[in-house]
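First the structure, in the form of structure tokens, and then the observations on it.
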Amino acid sequence: MGNWGGTAVARAAVAELREFAAEAGCAVDRGEELGGGWSAVHYPDQPDGAAAALARRTGAPVFTVAYLDSDVGFVEAATFSGGRWKALLNRRTAEDYEIPLDRFPVEAALAGALDWAAAAGLTADPDGIRAALTGSEAFAEDLTHRLLGALGLDFSALGEESP
């Protein structure tokens with residue numbers, strides 16, 4: 001059985017991020033410190049708008065992803081200043097679910113991702129971001145890890161659980 005939950009990543013202590021995620025409507029299963037002041041929380045369900053709510057509460061850029069049975073990832077990221085972007089991971093598999101790809105344009109996501117990384121003080125890899133946004137993997141979580149890495153985050157410990 002795949003992952004139907006979600007993950008939020010932000011520059012905040014895990015206890016803080018856990019509290020803020022709960023306030024945003026995410027029932028947190030677990031959290032983990034990722035290093036460099038970044039943390040992740042994992043939850044069984046993600047309400048729409050969670051990234052923006054978490055960015056307002058943390059005062060920092062927030063990256064969230066919600067999974068559809070580990071097959072597809074729905075990325076939503078936001079900055080404290082109001083910048084937002086969305087992306088779809090595992091586009092080929094998303095077509096099997098009849099998810100309209102045109103609602104998730106790659107170029108808009110790439111531009112938003114680069115702005116988000118700059119706001120987070122990270123050095124992003126545009127080619128790596130594009131590869132993650134257009135790539136295909138057996139599990140959407142693998143594309144999430146690639147995308148986070150391309151955004152300039154090194155979270156090799158993120159998602160150690162198997163999908």
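How things are named: the first chain in the structure tokens is A, the next is B, and so on; residues count from 1 in each chain; ligands count from 1 in the order shown.
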
Q) Residues at most 8 Å from Trp116 (chain A), counting only C-alpha atoms, excluding those fewer than 2 positions away in the same chain, as a list in words? A) Pro61, Ala77, Ala78, Thr79, Gly83, Arg84, Gly112, Ala113, Leu114, Ala118, Ala119 and Ala120 of chain A

Pull the closest atom pair for each residue of region 51-109 of chain A that gets at most 9 Å from region 18-37 of chain A, along with the distance in Å to one decimal, counting only C-alpha atoms, ordering rows by chain and then ascending residue number, as a tab-separated table.
```
residue	atom	partner	partner_atom	distance
A:Ala51	CA	A:Ala24	CA	8.8
A:Ala53	CA	A:Ala24	CA	6.1
A:Leu54	CA	A:Phe20	CA	6.3
A:Arg57	CA	A:Phe20	CA	6.5
A:Thr58	CA	A:Phe20	CA	7.6
```

Q) Please, which residues of region 20-117 of chain A, numbered as in this document, come out alpha helix (DSSP H) from DSSP, as a ChimeraX atom specification? A) /A:20-23,50-58,91-96,106-117

Writer output for current selection, C-alpha atoms, as a PDB file, in the first residue's frame:
```pdb
ATOM      1  CA  PHE A  20       2.063  25.007  13.426  1.00  0.00           C
ATOM      2  CA  ALA A  21       1.074  22.070  11.201  1.00  0.00           C
ATOM      3  CA  ALA A  22      -1.578  21.041  13.722  1.00  0.00           C
ATOM      4  CA  GLU A  23      -2.916  24.619  13.709  1.00  0.00           C
ATOM      5  CA  ALA A  50      -1.282  24.292   4.300  1.00  0.00           C
ATOM      6  CA  ALA A  51       1.939  25.698   2.798  1.00  0.00           C
ATOM      7  CA  ALA A  52       0.736  29.302   2.934  1.00  0.00           C
ATOM      8  CA  ALA A  53      -0.594  28.888   6.481  1.00  0.00           C
ATOM      9  CA  LEU A  54       2.675  27.332   7.634  1.00  0.00           C
ATOM     10  CA  ALA A  55       4.764  30.027   5.932  1.00  0.00           C
ATOM     11  CA  ARG A  56       2.793  32.727   7.747  1.00  0.00           C
ATOM     12  CA  ARG A  57       3.301  30.948  11.097  1.00  0.00           C
ATOM     13  CA  THR A  58       6.981  30.057  10.669  1.00  0.00           C
ATOM     14  CA  ARG A  91       3.374  13.442 -14.521  1.00  0.00           C
ATOM     15  CA  ARG A  92       3.220  10.258 -16.614  1.00  0.00           C
ATOM     16  CA  THR A  93       1.561   8.395 -13.766  1.00  0.00           C
ATOM     17  CA  ALA A  94      -0.723  11.378 -13.142  1.00  0.00           C
ATOM     18  CA  GLU A  95      -2.075  10.934 -16.671  1.00  0.00           C
ATOM     19  CA  ASP A  96      -3.213   7.424 -15.687  1.00  0.00           C
ATOM     20  CA  VAL A 106       6.340  23.051 -15.565  1.00  0.00           C
ATOM     21  CA  GLU A 107       7.740  26.484 -16.475  1.00  0.00           C
ATOM     22  CA  ALA A 108       5.606  28.268 -13.872  1.00  0.00           C
ATOM     23  CA  ALA A 109       6.634  25.712 -11.247  1.00  0.00           C
ATOM     24  CA  LEU A 110      10.299  26.108 -12.188  1.00  0.00           C
ATOM     25  CA  ALA A 111      10.118  29.902 -11.863  1.00  0.00           C
ATOM     26  CA  GLY A 112       8.300  29.612  -8.534  1.00  0.00           C
ATOM     27  CA  ALA A 113      10.785  27.036  -7.256  1.00  0.00           C
ATOM     28  CA  LEU A 114      13.742  29.273  -8.102  1.00  0.00           C
ATOM     29  CA  ASP A 115      12.118  32.240  -6.334  1.00  0.00           C
ATOM     30  CA  TRP A 116      11.309  30.030  -3.334  1.00  0.00           C
ATOM     31  CA  ALA A 117      14.892  28.771  -3.086  1.00  0.00           C
TER      32      ALA A 117
END
```

Q: Can you pull out every residue within 8 Å of Ala87 (chain A), counting only C-alpha atoms, but drop anything in the same chain fewer than 5 positions away, and send it as number ranges by chain?
A: A: 74-76, 104-106, 109, 133

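Minimum atom-to-atom distances from A:Gly59, A:Gly73, A:Gly6, A:Gly152 to Pro44 (chain A) were compared using only C-alpha atoms, and the lowest value belongs to A:Gly6.
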
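From CA of Leu68 (chain A) back to CA of Pro100 (chain A), the distance works out to 14.5 Å.
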
**Q.** Distance criterion (only C-alpha atoms): nearest to Ala8 (chain A) out of A:Ser136, A:Asp69, A:Leu151, A:Thr144
**A.** A:Thr144

**Q.** DSSP-assigned strand (DSSP E) among region 3-163 of chain A, expressed as a PyMOL selection string
**A.** chain A and resi 6-11+30-35+38-43+62-68+72-78+84-89

Q) For Leu122 (chain A), which of A:Leu153, A:Ala40, A:Val14, A:Leu143 is the closest residue, counting only C-alpha atoms? A) A:Leu153
